[in-house]
Structures are given as structure tokens and as C-alpha cells.
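What follows is a single structure, written as C-alpha cells, with notes after it.
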Amino acid sequence: MNKMIRRASVFCLLMVLALLVRATWVQAYEAEALADDEHNRRNVIAQYAQPLGDIIVAGSPVTGSKETQDGDLRYERGYTQGELYAAVTGYSSQAYGATQLEGIYSDVLDGTDDRLKSPADLLTGERASPGDVVTTIDPGVQKAAFEALGDDRGAAVAIDPETGRILGMVSSPSYDPSDISGTSDGAAWQKLLDDPGKPLVNRALRQPLPPGSTFKLVVASAALENGLYGSVDEPTDSPSPYTLPGTSTVLKNENATAPCENATLRTALQYSCNNVFAKAAADLGQDELKAMADAFGFDTSMLDVPVRAAESVYPSGMDDAQTALTGIGQFEVTATPLQMAMVSAALADGGELASPHMVSKVTDSDGSTLQEYADGDRERVVKESTAEQLRSAMVTVVEEGTGGNARIDGAEVGGKTGTAQNGVDNSNTPYAWFTSYAKDDSSGKQVAVAVVVEDSGAARSEVSGNGLAAPIAQKMMKAALKD
């Protein structure tokens, strides 16, 4: 009997020791992981136990918090003009997490960032008062873009070329983040998921598409930088029509009567001559074109503004015919509206590209700066003389060519239209593009803009960059230049 008792006692002692070891392991090594686990309800309760900090546009919050009437989550996120700013803020949902600025700065907005805490908070583990995120968005530009896009499916981005500040960013169709901020918004969430327009996708940053003829600015840059042509006014060696190298495929121009044979780069941009830029692309070769595209920001997988943009792509491993097609922004070339705005921004600012960003600083609850995002992080893309020549040619496009709908009285406006094929054999409605810059003649203020309209409901024959995208860009630029 005593032997059995001893064995039972030893067994019980070993069980107690195992429990102690396990408890020590959990508390010492697994506590942080368990605390941070996405399924830990206590984290969500703590996150919404107090009002969240705000996302600020031009000194005013475009977010808020409202007290709930039931459940264990005391506060719920709210949005001022939610549809207008959804492409900037993203959403913060008690059920579906957070995206974009709401997600990137969630620790600042909910008070868990250690930079917000006093020494006493760090010792006690208490949450500090939440901080705020101050954006670079200009509400006038944002509103102009949102209203001009209207019901069209597409996106628009505006950048200050000198500083890289993103002044406006809109994706359409949009949505109101307030509709999905609570725990009982399943029907609204499912409706957004089922919407064929994909309103939760930020088209300005996250949906690269063929840029069409707007990419001709990159090809023209490469032609001048690599000495293929000495100036935008030198005649090119460009037969019209042009047969793609190694094939019997004839590449036609949209305007059959345009003076595209051996046209200068200026005339070729003015009339959007496919033969000139396809031939230039083939003559330059894919390596030179890729180097130029990459200098403008293509093929960058870590472009953070601070929301990460999808990679815009200039392909490789092509034959000569495929390379020629990239010269008109087709084959496998893709770009986001942000990327095409960066192209115009670099040319507008003398050939230098300032890093695009839409957050100027992060502050604590008293307004003291925790982190500041300085302007002026710049890289040279093309020589100043190249940028000057291409700006002049872009002005010709607006004043005498295909971009007339972008004109603004009292401002220098340059641009490039684009109509990109969509679907097998261009079976779907083409995409309408416009990228441009504007500079106020009196104040010197500048802005660069890119717009893509994926679908406006217009008849196929009515789809053009000048008809659909340029008027949107014009309204955004006008708003940006306004004092």
C-alpha cells in the first residue's frame, strides 16, 4: 500500500511540475504571441475601448469615433465624407480589420505605439491617448477628382512635382467605410465583395493596367537620353505604316491622315503616332527602354506612399516585334495611375523625381510630432534639357494636338493622351488615359496628374483619353493651382 501511495505521490508531483513548467513557458515565452494573436478578443476590446485617433486632411479630421449602445466594443469608427476619402483612409472595422492608413498606423491611432506612452504608461502597460495621422491631401483636388470621375470606373492621382506630396487620390466606384466599421455589417460587407466594380480595390495604387500611348513619354525620354534623336524637333526614321520587325503585321495609326511618316517626336506626340514610337522602341531595344522605365519607377515592388503600390511593369525576354509594341504602351506593359503621374511629375520638375507620399507627419494627442516625412527625397531620371524638351512637346499636345480638353486659362499645361487595348484582340472597352502637368503662370504652383477611365458607359467609338480622362485631369489641375 505504501509503495502504491509513493508512486501516486511521485506521479502527482511530476504532473504539478509539468503544469508549473508549462505555465512558466506560457508566461515567459508565449505571452506576447498570445496577446498579439488576431483571435484574442481582448485586443479588439482594448482597441475600441476609447475613441481612436484621427486621419487629418488640411487641418480637419476625416475620421471619428462614436460610442456604441451594446456589446463589449465601446467605440466604433466613423468617417466624414467616407466615400470621398476611402482611397486615402482605407477602413477600420471591428469585424474585418483595417487597411491603408488605418492599418499602417493602427498602433498610433489606437494608442498602443510606445512613442505615445509616458514612463508610467510603459511600466503599467496602460494605453496612451491616441495620436493622429496628418496627410498631404488637398481637399479641393480630392473633391474635384471625385466629382469629375462620378460614376465612371477608374482612378486619378495628383502629385506636387517639387515635393512629391500626393494632393489627391480617388478610386471609383468608392464606398463608405462607416458601413463596415461595426460587428454587425455582414450584409454590407458581402455587398461590397459581390460588387463587380470592386469598390474595395484602390485602383489608383493597386490596379496596374496597360498605359497605352501615355507610355510614349517614357519612350521619347529614352530616345533623347540615349541619343537616338537629338531633339524633339528632329525628323525620325519612321515609315508609315510600320511593319513590326520579323512579322508581316502592319501597325496602323489611329488617325490615318496624320503626318506621321518620319515625324518629329513633337509631332508624333501631338498626333500620337504609333509608327514613330514602335520603331523607336525597336531601335532602342528592350534593355534601354527598361532602364528608362525603371528610372521613372517601373518594376519597383516596394513603392510605399506609405500604402504599398502595386508594381508597374516593363517586361523583359521579348522579341523585336514585342519590344516595338511596348513602345505604344501595349504588349505586357502595365502601370498604375500613380506611376503615370510620377512620369509627368518628373518631367515637370526638370527631370528629377521626388518620392511620392501622402502622409506629412504623425503626431501625439497634443499635436507634437512623433515622425515627420520630409519632402525633397529626389532622384534624377532624365537630364534637365530632356525634360524641358518633352514639356514643350506635351504643351503642343494640349494646345494643338489630342489633349485640348486639358487647357486651363493662365496656366502652362502639358499632357499626353492614351487609349489602351483591353481584352483579347481588344474585344473589351478600351481604357482611356491622360497624364499631364500644369504650372500657374503667375504663382509658379505646379501639379502633375494621371487619370484612367476603365469604363464610363460610353460607346466604344467615343472612348478616348481626351474625351474621357483629360476633362477630369483638367478639373484636378485647376483645383490644385487655385490659391
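Ordering of the C-alpha cells sets the chain letters (A, B, ...), residue numbers begin anew at 1 in every chain, and ligands are numbered from 1 in the order given.
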
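Backbone DSSP over region 144-355 of chain A yields strand (DSSP E) at Arg153, Gly154, Ala155, Ala156, Val157, Ala158, Ile159, Ile166, Leu167, Gly168, Met169, Val170, Ser171, Ser172, Tyr242, Thr243, Val250, Leu251, Glu352, Leu353 and Ala354 of chain A.
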
**OP:** Would you mind listing what lies within 12 Å of Leu84 (chain A) as a ChimeraX atom specification, with only C-alpha atoms counted and same-chain residues fewer than 2 positions away left out?
**Re:** /A:57,62-63,79-82,86-90,137,139-150,168-177

Any chance you could export the current selection's C-alpha atoms as an mmCIF file, in the first residue's frame?
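Below you can see part.cif, which holds the result:
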```cif
data_model
loop_
_atom_site.group_PDB
_atom_site.id
_atom_site.type_symbol
_atom_site.label_atom_id
_atom_site.label_comp_id
_atom_site.auth_asym_id
_atom_site.auth_seq_id
_atom_site.Cartn_x
_atom_site.Cartn_y
_atom_site.Cartn_z
ATOM 1 C CA VAL A 57 -6.834 66.432 -44.165
ATOM 2 C CA VAL A 62 -11.964 62.964 -41.889
ATOM 3 C CA THR A 63 -12.455 60.192 -39.345
ATOM 4 C CA TYR A 79 -15.946 58.668 -41.313
ATOM 5 C CA THR A 80 -16.666 62.170 -42.550
ATOM 6 C CA GLN A 81 -17.430 62.031 -46.277
ATOM 7 C CA GLY A 82 -16.349 58.408 -46.244
ATOM 8 C CA ALA A 86 -11.922 55.969 -48.813
ATOM 9 C CA ALA A 87 -8.972 55.619 -51.217
ATOM 10 C CA VAL A 88 -6.866 57.567 -48.706
ATOM 11 C CA THR A 89 -8.034 56.300 -45.319
ATOM 12 C CA GLY A 90 -8.970 52.705 -46.049
ATOM 13 C CA ILE A 137 -4.185 65.609 -49.369
ATOM 14 C CA PRO A 139 -9.444 68.658 -50.156
ATOM 15 C CA GLY A 140 -10.145 70.799 -53.231
ATOM 16 C CA VAL A 141 -8.196 68.473 -55.513
ATOM 17 C CA GLN A 142 -9.725 65.403 -53.886
ATOM 18 C CA LYS A 143 -13.256 66.713 -54.324
ATOM 19 C CA ALA A 144 -12.613 67.767 -57.921
ATOM 20 C CA ALA A 145 -11.360 64.279 -58.792
ATOM 21 C CA PHE A 146 -14.198 62.511 -57.004
ATOM 22 C CA GLU A 147 -16.921 64.605 -58.612
ATOM 23 C CA ALA A 148 -15.336 64.516 -62.068
ATOM 24 C CA LEU A 149 -14.984 60.720 -62.047
ATOM 25 C CA GLY A 150 -18.594 60.423 -60.892
ATOM 26 C CA GLY A 168 -5.450 63.846 -54.427
ATOM 27 C CA MET A 169 -6.160 60.149 -54.823
ATOM 28 C CA VAL A 170 -9.534 58.772 -55.853
ATOM 29 C CA SER A 171 -10.737 55.329 -56.887
ATOM 30 C CA SER A 172 -14.166 54.792 -58.406
ATOM 31 C CA PRO A 173 -16.524 53.204 -57.570
ATOM 32 C CA SER A 174 -15.877 54.080 -53.956
ATOM 33 C CA TYR A 175 -17.548 53.022 -50.715
ATOM 34 C CA ASP A 176 -18.290 54.442 -47.276
ATOM 35 C CA PRO A 177 -16.033 52.765 -44.662
#
```

**OP:** Run DSSP on the backbone of this structure and report the residues of region 359-424 of chain A it assigns to helix (DSSP H, G or I), as an MDAnalysis selection string.
**Re:** chainID A and resid 384:400 404:406 424

Generate a file of the selected residues that holds C-alpha atoms, formatted as a PDB file, in the first residue's frame.
```
ATOM      1  CA  GLU A 384      17.068  68.849 -67.471  1.00  0.00           C
ATOM      2  CA  SER A 385      17.313  69.536 -71.197  1.00  0.00           C
ATOM      3  CA  THR A 386      15.385  66.340 -71.971  1.00  0.00           C
ATOM      4  CA  ALA A 387      12.656  67.269 -69.503  1.00  0.00           C
ATOM      5  CA  GLU A 388      12.445  70.782 -70.954  1.00  0.00           C
ATOM      6  CA  GLN A 389      12.025  69.478 -74.497  1.00  0.00           C
ATOM      7  CA  LEU A 390       9.361  66.967 -73.511  1.00  0.00           C
ATOM      8  CA  ARG A 391       7.423  69.558 -71.535  1.00  0.00           C
ATOM      9  CA  SER A 392       7.411  71.707 -74.658  1.00  0.00           C
ATOM     10  CA  ALA A 393       6.121  68.770 -76.708  1.00  0.00           C
ATOM     11  CA  MET A 394       3.464  67.998 -74.077  1.00  0.00           C
ATOM     12  CA  VAL A 395       2.272  71.604 -74.310  1.00  0.00           C
ATOM     13  CA  THR A 396       1.920  71.113 -78.059  1.00  0.00           C
ATOM     14  CA  VAL A 397      -0.267  68.049 -77.378  1.00  0.00           C
ATOM     15  CA  VAL A 398      -2.636  70.203 -75.302  1.00  0.00           C
ATOM     16  CA  GLU A 399      -2.536  73.356 -77.414  1.00  0.00           C
ATOM     17  CA  GLU A 400      -2.586  71.799 -80.892  1.00  0.00           C
ATOM     18  CA  GLY A 404      -7.207  70.006 -75.900  1.00  0.00           C
ATOM     19  CA  ASN A 405      -9.702  69.281 -73.132  1.00  0.00           C
ATOM     20  CA  ALA A 406      -6.977  69.852 -70.528  1.00  0.00           C
ATOM     21  CA  VAL A 424      -8.150  39.540 -76.414  1.00  0.00           C
TER      22      VAL A 424
END
```

Subject >> Length of the CA of Asp304 (chain A) to CA of Leu338 (chain A) vector [Å] >> reply: 11.1 Å

Original post:
What is the distance between CA of Glu83 (chain A) and CA of Ala470 (chain A), in Å to one decimal?
Top reply: 22.7 Å

Original post:
Of the candidates A:Val232, A:Ala374, A:Cys273, A:Ala95, which shows the shortest atom-to-atom distance to Val362 (chain A), using only C-alpha atoms?
Top reply: A:Ala374

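Note that CA of Thr136 (chain A) and CA of Asp299 (chain A) are 25.3 Å apart.
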
Original post:
Of the candidates A:Ser344, A:Ser456, A:Ser368, A:Thr68, which shows the shortest atom-to-atom distance to Tyr437 (chain A), using only C-alpha atoms?
Top reply: A:Ser344

**OP:** Within 7 Å of Val108 (chain A), counting only C-alpha atoms, which residues show up once you throw out same-chain ones fewer than 4 positions away? Write them as a PyMOL selection string, please.
**Re:** chain A and resi 112-113+130-132

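Residues in contact with Ala188 (chain A) at up to 10 Å, not including ones fewer than 6 positions away on its chain and judged by only C-alpha atoms, are Asp179, Ile180 and Asp194 of chain A.
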
So that I have them on file, write out the residues from the current selection with N, CA and C atoms, as a compact mmCIF listing (two decimals), in the first residue's frame.
```
# COMPACT_ATOMS: atom_id res chain seq x y z
N ASP A 179 -19.90 52.02 -43.32
CA ASP A 179 -20.87 50.94 -43.50
C ASP A 179 -20.35 49.58 -43.03
N ILE A 180 -19.04 49.46 -42.86
CA ILE A 180 -18.47 48.17 -42.46
C ILE A 180 -17.60 48.28 -41.22
N ASP A 194 -19.35 41.36 -53.51
CA ASP A 194 -20.06 40.88 -54.69
C ASP A 194 -20.15 41.92 -55.81
```

**OP:** Determine the nearest neighbour of Tyr85 (chain A) from the options A:Asn2, A:Ser106, A:Asn202, A:Thr417, counting only C-alpha atoms.
**Re:** A:Asn202

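All residues of protein, DNA or RNA that reach within 8 Å of Pro259 (chain A), judged by only C-alpha atoms and not counting those fewer than 3 positions away in the chain, are A:Ala263, A:Thr267, A:Tyr271.
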
**OP:** Compile the contact shell of region 242-247 of chain A as a ChimeraX atom specification: residues with an atom at most 9 Å away, counting only C-alpha atoms, same-chain residues fewer than 5 positions apart removed.
**Re:** /A:252,274-276,278-279,282,319-322,324-325

For all heavy atoms, I'd like the residues from the last selection saved as an mmCIF file, in the first residue's frame.
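In the end it all went to part-v6.cif:
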```cif
data_model
loop_
_atom_site.group_PDB
_atom_site.id
_atom_site.type_symbol
_atom_site.label_atom_id
_atom_site.label_comp_id
_atom_site.auth_asym_id
_atom_site.auth_seq_id
_atom_site.Cartn_x
_atom_site.Cartn_y
_atom_site.Cartn_z
ATOM 1 N N LYS A 252 -0.919 50.255 -87.566
ATOM 2 C CA LYS A 252 -1.534 51.452 -88.118
ATOM 3 C C LYS A 252 -1.606 52.565 -87.075
ATOM 4 O O LYS A 252 -1.539 52.325 -85.872
ATOM 5 C CB LYS A 252 -2.933 51.135 -88.631
ATOM 6 C CG LYS A 252 -2.950 50.116 -89.769
ATOM 7 C CD LYS A 252 -4.376 49.820 -90.217
ATOM 8 C CE LYS A 252 -4.391 48.805 -91.348
ATOM 9 N NZ LYS A 252 -5.780 48.496 -91.791
ATOM 10 N N ASN A 274 1.719 55.962 -83.724
ATOM 11 C CA ASN A 274 2.189 54.649 -83.278
ATOM 12 C C ASN A 274 3.470 54.223 -83.988
ATOM 13 O O ASN A 274 4.356 53.606 -83.385
ATOM 14 C CB ASN A 274 1.107 53.594 -83.509
ATOM 15 C CG ASN A 274 -0.072 53.749 -82.571
ATOM 16 O OD1 ASN A 274 0.059 54.271 -81.474
ATOM 17 N ND2 ASN A 274 -1.229 53.296 -83.011
ATOM 18 N N ASN A 275 3.563 54.529 -85.280
ATOM 19 C CA ASN A 275 4.732 54.075 -86.050
ATOM 20 C C ASN A 275 6.030 54.633 -85.499
ATOM 21 O O ASN A 275 7.050 53.936 -85.421
ATOM 22 C CB ASN A 275 4.575 54.465 -87.528
ATOM 23 C CG ASN A 275 4.533 55.976 -87.735
ATOM 24 O OD1 ASN A 275 3.749 56.674 -87.078
ATOM 25 N ND2 ASN A 275 5.354 56.487 -88.636
ATOM 26 N N VAL A 276 6.018 55.892 -85.069
ATOM 27 C CA VAL A 276 7.240 56.542 -84.581
ATOM 28 C C VAL A 276 7.730 55.870 -83.302
ATOM 29 O O VAL A 276 8.929 55.568 -83.159
ATOM 30 C CB VAL A 276 6.996 58.042 -84.351
ATOM 31 C CG1 VAL A 276 8.203 58.683 -83.656
ATOM 32 C CG2 VAL A 276 6.697 58.745 -85.665
ATOM 33 N N ALA A 278 6.789 52.871 -81.927
ATOM 34 C CA ALA A 278 7.083 51.448 -82.079
ATOM 35 C C ALA A 278 8.465 51.268 -82.714
ATOM 36 O O ALA A 278 9.267 50.436 -82.268
ATOM 37 C CB ALA A 278 6.013 50.773 -82.924
ATOM 38 N N LYS A 279 8.744 52.062 -83.747
ATOM 39 C CA LYS A 279 10.059 51.995 -84.404
ATOM 40 C C LYS A 279 11.166 52.427 -83.439
ATOM 41 O O LYS A 279 12.235 51.804 -83.372
ATOM 42 C CB LYS A 279 10.053 52.900 -85.638
ATOM 43 C CG LYS A 279 11.392 53.031 -86.366
ATOM 44 C CD LYS A 279 11.762 51.752 -87.064
ATOM 45 C CE LYS A 279 12.813 51.968 -88.172
ATOM 46 N NZ LYS A 279 13.950 52.799 -87.807
ATOM 47 N N ALA A 282 11.869 49.602 -81.005
ATOM 48 C CA ALA A 282 12.641 48.531 -81.636
ATOM 49 C C ALA A 282 14.096 48.951 -81.835
ATOM 50 O O ALA A 282 15.020 48.143 -81.637
ATOM 51 C CB ALA A 282 12.003 48.143 -82.966
ATOM 52 N N ASP A 319 10.830 39.465 -78.056
ATOM 53 C CA ASP A 319 11.437 39.572 -79.375
ATOM 54 C C ASP A 319 11.280 41.013 -79.868
ATOM 55 O O ASP A 319 10.695 41.866 -79.185
ATOM 56 C CB ASP A 319 10.834 38.559 -80.357
ATOM 57 C CG ASP A 319 9.330 38.740 -80.559
ATOM 58 O OD1 ASP A 319 8.824 39.875 -80.418
ATOM 59 O OD2 ASP A 319 8.652 37.733 -80.873
ATOM 60 N N ASP A 320 11.790 41.289 -81.064
ATOM 61 C CA ASP A 320 11.790 42.673 -81.560
ATOM 62 C C ASP A 320 10.372 43.208 -81.781
ATOM 63 O O ASP A 320 10.094 44.391 -81.536
ATOM 64 C CB ASP A 320 12.584 42.753 -82.861
ATOM 65 C CG ASP A 320 14.078 42.567 -82.640
ATOM 66 O OD1 ASP A 320 14.520 42.695 -81.475
ATOM 67 O OD2 ASP A 320 14.788 42.285 -83.618
ATOM 68 N N ALA A 321 9.474 42.357 -82.254
ATOM 69 C CA ALA A 321 8.102 42.799 -82.506
ATOM 70 C C ALA A 321 7.401 43.153 -81.191
ATOM 71 O O ALA A 321 6.683 44.163 -81.098
ATOM 72 C CB ALA A 321 7.324 41.714 -83.245
ATOM 73 N N GLN A 322 7.609 42.331 -80.194
ATOM 74 C CA GLN A 322 7.005 42.609 -78.890
ATOM 75 C C GLN A 322 7.593 43.873 -78.282
ATOM 76 O O GLN A 322 6.875 44.680 -77.679
ATOM 77 C CB GLN A 322 7.207 41.401 -77.968
ATOM 78 C CG GLN A 322 6.428 40.174 -78.412
ATOM 79 C CD GLN A 322 6.897 38.899 -77.728
ATOM 80 O OE1 GLN A 322 8.025 38.815 -77.238
ATOM 81 N NE2 GLN A 322 6.030 37.896 -77.692
ATOM 82 N N ALA A 324 8.683 46.394 -79.929
ATOM 83 C CA ALA A 324 8.068 47.504 -80.655
ATOM 84 C C ALA A 324 6.692 47.826 -80.096
ATOM 85 O O ALA A 324 6.329 49.011 -79.941
ATOM 86 C CB ALA A 324 7.972 47.162 -82.147
ATOM 87 N N LEU A 325 5.917 46.800 -79.753
ATOM 88 C CA LEU A 325 4.582 47.035 -79.191
ATOM 89 C C LEU A 325 4.644 47.717 -77.833
ATOM 90 O O LEU A 325 3.760 48.486 -77.475
ATOM 91 C CB LEU A 325 3.821 45.721 -79.095
ATOM 92 C CG LEU A 325 3.301 45.132 -80.415
ATOM 93 C CD1 LEU A 325 2.679 43.763 -80.183
ATOM 94 C CD2 LEU A 325 2.287 46.072 -81.057
#
```

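If you measure from each of A:Lys290, A:Lys416, A:Lys383, A:His357 to Pro211 (chain A) using only C-alpha atoms, the closest one turns out to be A:Lys416.
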